[in-house]
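Heads up, target01.pdb below (PDB, C-alpha atoms, pLDDT in the B column):
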ATOM      1  CA  PRO G 110     -17.791   5.408   3.913  1.00 41.00           C
ATOM      2  CA  GLY G 111     -20.878   3.759   2.562  1.00 40.00           C
ATOM      3  CA  ARG G 112     -19.090   1.465   0.109  1.00 49.00           C
ATOM      4  CA  ALA G 113     -17.122  -1.766   0.084  1.00 47.00           C
ATOM      5  CA  ALA G 114     -18.598  -3.114   3.331  1.00 47.00           C
ATOM      6  CA  LEU G 115     -17.673   0.033   5.282  1.00 72.00           C
ATOM      7  CA  MET G 116     -13.980  -0.378   4.439  1.00 90.00           C
ATOM      8  CA  PHE G 117     -11.807   2.621   5.366  1.00 96.00           C
ATOM      9  CA  VAL G 118      -8.837   2.881   3.018  1.00 97.00           C
ATOM     10  CA  THR G 119      -5.650   4.796   3.819  1.00 97.00           C
ATOM     11  CA  LEU G 120      -3.080   5.319   1.066  1.00 97.00           C
ATOM     12  CA  LYS G 121       0.543   5.877   2.082  1.00 97.00           C
ATOM     13  CA  LEU G 122       3.092   7.520  -0.189  1.00 96.00           C
ATOM     14  CA  ALA G 123       6.790   7.961   0.619  1.00 94.00           C
ATOM     15  CA  THR G 124       8.328   9.993  -2.178  1.00 94.00           C
ATOM     16  CA  SER G 125      10.885  12.554  -3.220  1.00 94.00           C
ATOM     17  CA  LEU G 126       9.769  16.181  -3.523  1.00 95.00           C
ATOM     18  CA  ASP G 127       8.831  15.510  -7.140  1.00 93.00           C
ATOM     19  CA  GLY G 128       6.705  12.475  -6.302  1.00 92.00           C
ATOM     20  CA  ARG G 129       9.148   9.664  -7.139  1.00 93.00           C
ATOM     21  CA  ILE G 130       9.445   6.440  -5.149  1.00 87.00           C
ATOM     22  CA  ALA G 131      12.617   5.090  -6.769  1.00 83.00           C
ATOM     23  CA  THR G 132      15.367   5.953  -9.201  1.00 79.00           C
ATOM     24  CA  ALA G 133      15.118   4.837 -12.818  1.00 81.00           C
ATOM     25  CA  ALA G 134      17.213   1.807 -11.815  1.00 78.00           C
ATOM     26  CA  GLY G 135      14.734   0.908  -9.083  1.00 74.00           C
ATOM     27  CA  GLU G 136      16.752   2.004  -6.038  1.00 71.00           C
ATOM     28  CA  SER G 137      14.316   3.030  -3.307  1.00 72.00           C
ATOM     29  CA  ARG G 138      15.900   2.319   0.099  1.00 75.00           C
ATOM     30  CA  TRP G 139      15.734   4.603   1.809  1.00 80.00           C
ATOM     31  CA  ILE G 140      14.068   7.703   0.347  1.00 88.00           C
ATOM     32  CA  THR G 141      12.671   8.837   3.693  1.00 93.00           C
ATOM     33  CA  GLY G 142      14.507   8.892   7.003  1.00 93.00           C
ATOM     34  CA  PRO G 143      14.148   6.742  10.135  1.00 93.00           C
ATOM     35  CA  GLU G 144      11.641   9.078  11.798  1.00 95.00           C
ATOM     36  CA  ALA G 145       9.282   8.830   8.824  1.00 95.00           C
ATOM     37  CA  ARG G 146       9.683   5.062   8.680  1.00 93.00           C
ATOM     38  CA  GLU G 147       8.848   4.792  12.373  1.00 95.00           C
ATOM     39  CA  ALA G 148       5.705   6.857  11.763  1.00 96.00           C
ATOM     40  CA  VAL G 149       4.704   4.424   9.017  1.00 95.00           C
ATOM     41  CA  HIS G 150       5.040   1.514  11.450  1.00 94.00           C
ATOM     42  CA  GLY G 151       2.725   3.387  13.809  1.00 94.00           C
ATOM     43  CA  LEU G 152       0.198   3.785  11.003  1.00 96.00           C
ATOM     44  CA  ARG G 153       0.400   0.087  10.160  1.00 95.00           C
ATOM     45  CA  ALA G 154      -0.459  -0.708  13.763  1.00 94.00           C
ATOM     46  CA  GLU G 155      -3.676   1.325  13.438  1.00 94.00           C
ATOM     47  CA  HIS G 156      -4.966  -0.786  10.546  1.00 96.00           C
ATOM     48  CA  ASP G 157      -6.276  -4.322  10.165  1.00 96.00           C
ATOM     49  CA  ALA G 158      -4.272  -5.089   7.025  1.00 97.00           C
ATOM     50  CA  VAL G 159      -1.450  -3.739   4.859  1.00 97.00           C
ATOM     51  CA  LEU G 160      -1.775  -4.066   1.087  1.00 97.00           C
ATOM     52  CA  VAL G 161       0.815  -3.930  -1.705  1.00 96.00           C
ATOM     53  CA  GLY G 162       0.905  -4.899  -5.350  1.00 94.00           C
ATOM     54  CA  VAL G 163       2.894  -7.918  -6.446  1.00 94.00           C
ATOM     55  CA  GLU G 164       5.489  -5.733  -8.188  1.00 91.00           C
ATOM     56  CA  THR G 165       6.379  -4.189  -4.814  1.00 90.00           C
ATOM     57  CA  ALA G 166       6.404  -7.623  -3.191  1.00 93.00           C
ATOM     58  CA  LEU G 167       8.774  -8.959  -5.855  1.00 91.00           C
ATOM     59  CA  ALA G 168      11.083  -5.939  -5.902  1.00 87.00           C
ATOM     60  CA  ASP G 169      11.401  -5.335  -2.141  1.00 88.00           C
ATOM     61  CA  ASP G 170      10.562  -8.726  -0.542  1.00 92.00           C
ATOM     62  CA  PRO G 171       8.947  -6.835   2.367  1.00 92.00           C
ATOM     63  CA  GLU G 172       7.683  -8.182   5.667  1.00 93.00           C
ATOM     64  CA  LEU G 173       4.947  -5.530   6.048  1.00 94.00           C
ATOM     65  CA  THR G 174       5.006  -5.936   9.815  1.00 94.00           C
ATOM     66  CA  VAL G 175       4.849  -3.444  12.675  1.00 94.00           C
ATOM     67  CA  ARG G 176       8.362  -3.109  14.044  1.00 91.00           C
ATOM     68  CA  LEU G 177       8.082  -0.667  16.924  1.00 87.00           C
ATOM     69  CA  ALA G 178       9.812  -0.938  20.277  1.00 83.00           C
ATOM     70  CA  GLY G 179       7.276  -2.116  22.821  1.00 81.00           C
ATOM     71  CA  HIS G 180       4.608  -3.066  20.284  1.00 83.00           C
ATOM     72  CA  VAL G 181       2.619  -5.946  21.763  1.00 80.00           C
ATOM     73  CA  GLY G 182      -0.579  -5.730  19.736  1.00 81.00           C
ATOM     74  CA  PRO G 183      -1.486  -8.051  16.877  1.00 88.00           C
ATOM     75  CA  GLN G 184       0.252  -7.721  13.549  1.00 94.00           C
ATOM     76  CA  PRO G 185      -1.931  -6.529  10.664  1.00 96.00           C
ATOM     77  CA  ALA G 186      -2.728  -9.047   7.969  1.00 97.00           C
ATOM     78  CA  ARG G 187      -0.674  -8.747   4.761  1.00 97.00           C
ATOM     79  CA  VAL G 188      -2.486  -8.528   1.418  1.00 97.00           C
ATOM     80  CA  VAL G 189      -0.873  -8.811  -2.028  1.00 97.00           C
ATOM     81  CA  LEU G 190      -2.703  -7.954  -5.252  1.00 96.00           C
ATOM     82  CA  ASP G 191      -1.304 -10.634  -7.547  1.00 94.00           C
ATOM     83  CA  SER G 192      -3.431 -11.329 -10.612  1.00 92.00           C
ATOM     84  CA  ARG G 193      -1.139 -14.065 -11.999  1.00 92.00           C
ATOM     85  CA  LEU G 194       0.065 -15.576  -8.694  1.00 93.00           C
ATOM     86  CA  ARG G 195       3.671 -14.522  -9.114  1.00 93.00           C
ATOM     87  CA  LEU G 196       4.470 -14.186  -5.394  1.00 94.00           C
ATOM     88  CA  SER G 197       7.330 -16.541  -4.606  1.00 93.00           C
ATOM     89  CA  PRO G 198       6.829 -19.269  -1.985  1.00 94.00           C
ATOM     90  CA  ALA G 199      10.346 -18.309  -0.836  1.00 95.00           C
ATOM     91  CA  SER G 200       9.339 -14.681  -0.143  1.00 96.00           C
ATOM     92  CA  LYS G 201       9.301 -13.351   3.415  1.00 96.00           C
ATOM     93  CA  LEU G 202       5.536 -12.916   3.164  1.00 96.00           C
ATOM     94  CA  ALA G 203       4.956 -16.541   2.230  1.00 96.00           C
ATOM     95  CA  ARG G 204       7.503 -17.949   4.673  1.00 96.00           C
ATOM     96  CA  THR G 205       5.840 -16.153   7.613  1.00 96.00           C
ATOM     97  CA  ALA G 206       2.246 -16.769   6.524  1.00 96.00           C
ATOM     98  CA  ARG G 207       1.616 -19.309   9.279  1.00 96.00           C
ATOM     99  CA  ASP G 208       2.541 -16.690  11.883  1.00 94.00           C
ATOM    100  CA  ILE G 209       0.854 -13.624  10.349  1.00 95.00           C
ATOM    101  CA  PRO G 210      -2.275 -13.843   8.176  1.00 96.00           C
ATOM    102  CA  THR G 211      -1.229 -13.418   4.539  1.00 97.00           C
ATOM    103  CA  LEU G 212      -3.759 -13.077   1.734  1.00 97.00           C
ATOM    104  CA  VAL G 213      -3.073 -13.075  -1.991  1.00 96.00           C
ATOM    105  CA  VAL G 214      -5.861 -11.607  -4.120  1.00 96.00           C
ATOM    106  CA  SER G 215      -5.768 -13.098  -7.609  1.00 94.00           C
ATOM    107  CA  THR G 216      -7.875 -13.565 -10.710  1.00 93.00           C
ATOM    108  CA  GLN G 217      -6.632 -17.131 -10.947  1.00 88.00           C
ATOM    109  CA  ALA G 218      -7.335 -20.304  -9.007  1.00 80.00           C
ATOM    110  CA  LEU G 219      -5.390 -21.525  -6.012  1.00 77.00           C
ATOM    111  CA  SER G 220      -1.624 -21.967  -6.001  1.00 81.00           C
ATOM    112  CA  PRO G 221      -0.612 -25.059  -3.987  1.00 89.00           C
ATOM    113  CA  ALA G 222       2.946 -23.708  -3.722  1.00 90.00           C
ATOM    114  CA  LEU G 223       1.591 -20.744  -1.769  1.00 93.00           C
ATOM    115  CA  THR G 224      -1.257 -22.385   0.118  1.00 92.00           C
ATOM    116  CA  ASP G 225       1.108 -25.097   1.371  1.00 93.00           C
ATOM    117  CA  GLN G 226       2.994 -22.255   3.092  1.00 93.00           C
ATOM    118  CA  GLY G 227      -0.158 -21.042   4.800  1.00 95.00           C
ATOM    119  CA  VAL G 228      -0.999 -18.255   2.345  1.00 95.00           C
ATOM    120  CA  ARG G 229      -4.698 -17.824   1.637  1.00 94.00           C
ATOM    121  CA  VAL G 230      -5.586 -17.103  -1.988  1.00 94.00           C
ATOM    122  CA  LEU G 231      -8.778 -15.135  -2.632  1.00 94.00           C
ATOM    123  CA  GLN G 232      -9.928 -15.435  -6.231  1.00 93.00           C
ATOM    124  CA  VAL G 233     -11.868 -12.407  -7.518  1.00 93.00           C
ATOM    125  CA  ALA G 234     -13.130 -11.209 -10.883  1.00 91.00           C
ATOM    126  CA  ALA G 235     -10.754  -9.277 -13.117  1.00 89.00           C
ATOM    127  CA  ALA G 236     -11.177  -5.622 -13.943  1.00 88.00           C
ATOM    128  CA  GLN G 237     -10.873  -4.402 -17.541  1.00 84.00           C
ATOM    129  CA  ASP G 238      -7.094  -4.120 -17.145  1.00 84.00           C
ATOM    130  CA  GLY G 239      -6.845  -7.754 -16.038  1.00 84.00           C
ATOM    131  CA  ARG G 240      -6.012  -6.869 -12.437  1.00 89.00           C
ATOM    132  CA  PRO G 241      -8.228  -7.852  -9.494  1.00 91.00           C
ATOM    133  CA  ALA G 242     -11.383  -5.721  -9.421  1.00 92.00           C
ATOM    134  CA  LEU G 243     -10.907  -3.397  -6.460  1.00 94.00           C
ATOM    135  CA  ALA G 244     -14.529  -3.115  -5.332  1.00 92.00           C
ATOM    136  CA  THR G 245     -14.808  -6.902  -5.243  1.00 93.00           C
ATOM    137  CA  THR G 246     -11.443  -7.134  -3.512  1.00 95.00           C
ATOM    138  CA  LEU G 247     -12.529  -4.764  -0.752  1.00 95.00           C
ATOM    139  CA  ALA G 248     -15.786  -6.663  -0.308  1.00 94.00           C
ATOM    140  CA  ARG G 249     -13.879  -9.933   0.068  1.00 93.00           C
ATOM    141  CA  LEU G 250     -11.451  -8.376   2.546  1.00 95.00           C
ATOM    142  CA  GLY G 251     -14.380  -6.936   4.468  1.00 94.00           C
ATOM    143  CA  ALA G 252     -15.850 -10.422   4.698  1.00 93.00           C
ATOM    144  CA  GLU G 253     -12.525 -11.468   6.274  1.00 93.00           C
ATOM    145  CA  GLY G 254     -13.107  -8.955   9.077  1.00 93.00           C
ATOM    146  CA  ILE G 255     -10.841  -6.241   7.657  1.00 95.00           C
ATOM    147  CA  SER G 256     -12.366  -2.778   8.039  1.00 95.00           C
ATOM    148  CA  ARG G 257      -9.259  -0.549   7.975  1.00 97.00           C
ATOM    149  CA  LEU G 258      -6.881  -1.102   5.053  1.00 97.00           C
ATOM    150  CA  PHE G 259      -3.423   0.489   4.697  1.00 98.00           C
ATOM    151  CA  VAL G 260      -2.340   0.646   1.039  1.00 97.00           C
ATOM    152  CA  GLU G 261       1.433   0.994   0.645  1.00 93.00           C
ATOM    153  CA  GLY G 262       2.171   0.623  -3.051  1.00 82.00           C
ATOM    154  CA  GLY G 263       3.377   0.633  -5.651  1.00 84.00           C
ATOM    155  CA  GLY G 264       2.580   3.371  -8.118  1.00 91.00           C
ATOM    156  CA  GLN G 265       0.015   1.508 -10.192  1.00 92.00           C
ATOM    157  CA  VAL G 266      -1.817   0.267  -7.098  1.00 95.00           C
ATOM    158  CA  ALA G 267      -1.938   3.824  -5.729  1.00 95.00           C
ATOM    159  CA  ALA G 268      -3.301   5.105  -9.037  1.00 94.00           C
ATOM    160  CA  SER G 269      -5.918   2.357  -9.190  1.00 94.00           C
ATOM    161  CA  PHE G 270      -7.302   3.146  -5.729  1.00 95.00           C
ATOM    162  CA  LEU G 271      -7.323   6.890  -6.418  1.00 95.00           C
ATOM    163  CA  ARG G 272      -8.905   6.483  -9.839  1.00 92.00           C
ATOM    164  CA  ALA G 273     -11.644   4.297  -8.357  1.00 92.00           C
ATOM    165  CA  GLY G 274     -12.421   6.859  -5.648  1.00 93.00           C
ATOM    166  CA  LEU G 275     -11.588   4.380  -2.895  1.00 94.00           C
ATOM    167  CA  VAL G 276      -9.061   6.449  -0.887  1.00 96.00           C
ATOM    168  CA  ASP G 277     -10.451   7.923   2.338  1.00 96.00           C
ATOM    169  CA  ALA G 278      -7.159   9.231   3.763  1.00 97.00           C
ATOM    170  CA  LEU G 279      -3.712   9.910   2.323  1.00 97.00           C
ATOM    171  CA  GLU G 280      -0.528   9.828   4.411  1.00 98.00           C
ATOM    172  CA  TRP G 281       2.225  11.404   2.308  1.00 97.00           C
ATOM    173  CA  PHE G 282       5.847  11.440   3.456  1.00 97.00           C
ATOM    174  CA  ARG G 283       8.063  13.681   1.320  1.00 96.00           C
ATOM    175  CA  ALA G 284      11.849  13.551   1.480  1.00 96.00           C
ATOM    176  CA  PRO G 285      13.944  16.645   0.615  1.00 95.00           C
ATOM    177  CA  LEU G 286      15.465  15.258  -2.566  1.00 93.00           C
ATOM    178  CA  VAL G 287      14.618  15.414  -6.270  1.00 94.00           C
ATOM    179  CA  LEU G 288      14.891  12.395  -8.589  1.00 91.00           C
ATOM    180  CA  GLY G 289      13.633  13.803 -11.898  1.00 91.00           C
ATOM    181  CA  SER G 290      11.186  12.518 -14.463  1.00 91.00           C
ATOM    182  CA  GLU G 291      13.170   9.322 -15.100  1.00 91.00           C
ATOM    183  CA  GLY G 292      12.477   8.224 -11.530  1.00 87.00           C
ATOM    184  CA  ARG G 293       9.590   5.880 -10.842  1.00 90.00           C
ATOM    185  CA  PRO G 294       6.377   7.761  -9.932  1.00 91.00           C
ATOM    186  CA  GLY G 295       4.622   7.286  -6.629  1.00 90.00           C
ATOM    187  CA  VAL G 296       1.313   7.378  -8.493  1.00 92.00           C
ATOM    188  CA  GLY G 297       1.037   5.650 -11.857  1.00 90.00           C
ATOM    189  CA  ALA G 298      -1.082   6.567 -14.863  1.00 91.00           C
ATOM    190  CA  MET G 299      -4.478   8.004 -13.917  1.00 90.00           C
ATOM    191  CA  GLU G 300      -5.936   8.487 -17.408  1.00 88.00           C
ATOM    192  CA  ILE G 301      -7.093  11.996 -16.455  1.00 91.00           C
ATOM    193  CA  THR G 302      -7.889  14.331 -19.356  1.00 91.00           C
ATOM    194  CA  ALA G 303      -9.475  17.220 -17.418  1.00 93.00           C
ATOM    195  CA  LEU G 304      -8.797  18.793 -14.030  1.00 93.00           C
ATOM    196  CA  SER G 305     -12.408  18.166 -13.068  1.00 91.00           C
ATOM    197  CA  GLU G 306     -11.700  14.420 -13.201  1.00 90.00           C
ATOM    198  CA  ALA G 307      -8.839  14.567 -10.688  1.00 91.00           C
ATOM    199  CA  PRO G 308      -9.453  13.219  -7.178  1.00 91.00           C
ATOM    200  CA  ARG G 309      -9.504  16.085  -4.687  1.00 92.00           C
ATOM    201  CA  LEU G 310      -8.442  15.821  -1.070  1.00 95.00           C
ATOM    202  CA  LYS G 311      -8.386  18.150   1.913  1.00 97.00           C
ATOM    203  CA  ARG G 312      -5.097  18.660   3.788  1.00 97.00           C
ATOM    204  CA  VAL G 313      -5.714  18.255   7.510  1.00 97.00           C
ATOM    205  CA  ASP G 314      -2.181  18.274   8.971  1.00 97.00           C
ATOM    206  CA  VAL G 315       1.450  18.966   8.116  1.00 98.00           C
ATOM    207  CA  ARG G 316       4.383  18.156  10.370  1.00 97.00           C
ATOM    208  CA  GLU G 317       8.119  17.615  10.209  1.00 97.00           C
ATOM    209  CA  VAL G 318       9.476  14.141  10.924  1.00 96.00           C
ATOM    210  CA  GLY G 319      13.247  14.345  10.955  1.00 95.00           C
ATOM    211  CA  TYR G 320      14.248  15.908   7.636  1.00 96.00           C
ATOM    212  CA  ASP G 321      11.031  14.766   5.952  1.00 97.00           C
ATOM    213  CA  LEU G 322       7.576  16.310   5.699  1.00 97.00           C
ATOM    214  CA  TRP G 323       4.457  14.376   6.682  1.00 98.00           C
ATOM    215  CA  GLU G 324       1.296  15.642   5.018  1.00 97.00           C
ATOM    216  CA  ARG G 325      -2.092  14.194   5.912  1.00 97.00           C
ATOM    217  CA  TYR G 326      -5.140  14.442   3.640  1.00 97.00           C
ATOM    218  CA  GLU G 327      -8.754  13.320   3.815  1.00 96.00           C
ATOM    219  CA  ARG G 328     -11.422  12.679   1.224  1.00 93.00           C
ATOM    220  CA  ILE G 329     -13.581  15.761   0.564  1.00 89.00           C
TER     221      ILE G 329
END

Now that the file is in, can you turn its structure into structure tokens?
Amino acid sequence: PGRAALMFVTLKLATSLDGRIATAAGESRWITGPEAREAVHGLRAEHDAVLVGVETALADDPELTVRLAGHVGPQPARVVLDSRLRLSPASKLARTARDIPTLVVSTQALSPALTDQGVRVLQVAAAQDGRPALATTLARLGAEGISRLFVEGGGQVAASFLRAGLVDALEWFRAPLVLGSEGRPGVGAMEITALSEAPRLKRVDVREVGYDLWERYERI
């Protein structure tokens, strides 16, 4: 793509059949099965960095590492969109930042509590919603040598990338269960008022992984 310093962005969704990533109470482990989760680790290994929003980091305390038997390649960098620097220094991401590059993208200045752990804080301009401006974020990540970015969540982050037209590929894992409208959506508010405004993708592959379905889409 000819934007954001040639950054290629892959969005991953792991949802119920009706597009939910968690129950209304926030329970999300595990919606998809072990085969799908192993496939996600393989996808992480193909990218330079894995990105999540701070809400996902706070709720799940993830490691965002490649955990595959026999994997000997480098671990992708971890990136957290965190406008108000809420990531805890006690989180797994912060505590392993000296071993695996960990970047926090914020609209605020440095946080000594995080940088003392080895986390790098990249300060960028805020978008209208107060969150880090995505185009600037991708440019900064590109300057860090990241050219393939794997976006894992949550719902508002997914919506922001889609709304901005920054998603080149979508990897969608769908589990055979239904959570209903009270469940938390895999894609947050898009502010779409007409079908012509909706991002359109081309399905390029469908396969079964265990009991789940793996659908692959590309930008048209």

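Of note, atom CA of G:Glu324 and atom CA of G:Glu261 are spaced 15.3 Å apart.
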
Give the answer as one residue: which of G:Arg195, G:Arg293, G:Arg138, G:Arg153 has the shortest atom-to-atom distance to G:Leu177, using all atoms listed in the file?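 Among the listed residues, the smallest separation from G:Leu177 belongs to G:Arg153.
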
Test item: the PyMOL selection byres ((chain G and resi 317) around 12) resolved as a list in words: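 Output from the PyMOL selection byres ((chain G and resi 317) around 12), applied to this file: Thr141, Gly142, Glu144, Ala145, Ala148, Trp281, Phe282, Arg283, Ala284, Pro285, Asp314, Val315, Arg316, Val318, Gly319, Tyr320, Asp321, Leu322, Trp323, Glu324 and Arg325 of chain G.
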
Can you list, as a PyMOL selection string, the residues that the PyMOL selection byres ((chain G and resi 202-216) around 6) selects here? chain G and resi 172+186-192+198+200-201+217+227-235+241

Closest contacts (stretch 264-295 of chain G/stretch 126-133 of chain G, max 9 Å, only C-alpha atoms) as JSON lines:
{"residue": "G:Gly264", "atom": "CA", "partner": "G:Ile130", "partner_atom": "CA", "distance": 8.1}
{"residue": "G:Arg283", "atom": "CA", "partner": "G:Leu126", "partner_atom": "CA", "distance": 5.7}
{"residue": "G:Ala284", "atom": "CA", "partner": "G:Leu126", "partner_atom": "CA", "distance": 6.0}
{"residue": "G:Pro285", "atom": "CA", "partner": "G:Leu126", "partner_atom": "CA", "distance": 5.9}
{"residue": "G:Leu286", "atom": "CA", "partner": "G:Leu126", "partner_atom": "CA", "distance": 5.8}
{"residue": "G:Val287", "atom": "CA", "partner": "G:Leu126", "partner_atom": "CA", "distance": 5.6}
{"residue": "G:Leu288", "atom": "CA", "partner": "G:Thr132", "partner_atom": "CA", "distance": 6.5}
{"residue": "G:Gly289", "atom": "CA", "partner": "G:Asp127", "partner_atom": "CA", "distance": 7.0}
{"residue": "G:Ser290", "atom": "CA", "partner": "G:Arg129", "partner_atom": "CA", "distance": 8.1}
{"residue": "G:Glu291", "atom": "CA", "partner": "G:Ala133", "partner_atom": "CA", "distance": 5.4}
{"residue": "G:Gly292", "atom": "CA", "partner": "G:Thr132", "partner_atom": "CA", "distance": 4.4}
{"residue": "G:Arg293", "atom": "CA", "partner": "G:Ala131", "partner_atom": "CA", "distance": 5.1}
{"residue": "G:Pro294", "atom": "CA", "partner": "G:Arg129", "partner_atom": "CA", "distance": 4.4}
{"residue": "G:Gly295", "atom": "CA", "partner": "G:Ile130", "partner_atom": "CA", "distance": 5.1}

Could those selected residues go to a file with C-alpha atoms, as a compact mmCIF listing (two decimals), in the coordinates of the input?
# COMPACT_ATOMS: atom_id res chain seq x y z
CA GLY G 264 2.58 3.37 -8.12
CA ARG G 283 8.06 13.68 1.32
CA ALA G 284 11.85 13.55 1.48
CA PRO G 285 13.94 16.64 0.62
CA LEU G 286 15.46 15.26 -2.57
CA VAL G 287 14.62 15.41 -6.27
CA LEU G 288 14.89 12.40 -8.59
CA GLY G 289 13.63 13.80 -11.90
CA SER G 290 11.19 12.52 -14.46
CA GLU G 291 13.17 9.32 -15.10
CA GLY G 292 12.48 8.22 -11.53
CA ARG G 293 9.59 5.88 -10.84
CA PRO G 294 6.38 7.76 -9.93
CA GLY G 295 4.62 7.29 -6.63

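Residues matched by the PyMOL selection byres ((chain G and resi 328) around 12) in this structure: Pro110, Phe117, Val118, Thr119, Leu120, Leu271, Gly274, Leu275, Val276, Asp277, Ala278, Leu279, Glu280, Pro308, Arg309, Leu310, Lys311, Arg312, Val313, Arg325, Tyr326, Glu327 and Ile329 of chain G.
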
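Taking atom CA of G:Gly254 and atom CA of G:Asp238 as the two end points, the separation is 27.3 Å.
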
Just how far from atom CA of G:Ala168 is atom CA of G:Leu194, in Å to one decimal?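 Computed distance, atom CA of G:Leu194 to atom CA of G:Ala168, equals 14.9 Å.
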
Near G:Ala267, counting only C-alpha atoms, which residues have an atom at most 10 Å away, once you skip same-chain residues fewer than 5 positions from it, shown as a VMD selection string? chain G and resid 120 to 122 161 to 162 260 to 262 272 276 295 to 299

Give the answer as one residue: which of G:Ser197, G:Ser269, G:Thr124, G:Thr165 has the shortest atom-to-atom distance to G:Ala244, using all atoms listed in the file? G:Ser269

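When all atoms listed in the file are used to compute distances to G:His156, the closest of the residues G:Pro183, G:Pro171, G:Pro221, G:Gly263 turns out to be G:Pro183.
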
With all atoms listed in the file as the basis for distance, which of G:Leu167, G:Val159, G:Val181, G:Glu136 is at the shortest distance from G:Phe259?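 Of G:Leu167, G:Val159, G:Val181, G:Glu136, the one nearest G:Phe259 is G:Val159, counting all atoms listed in the file.
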
Local residues around (-1.1, 0.9, 11.4), at most 10 Å away, using all atoms listed in the file, as a ChimeraX atom specification: /G:119,148-159,174-175,184-185,257-259
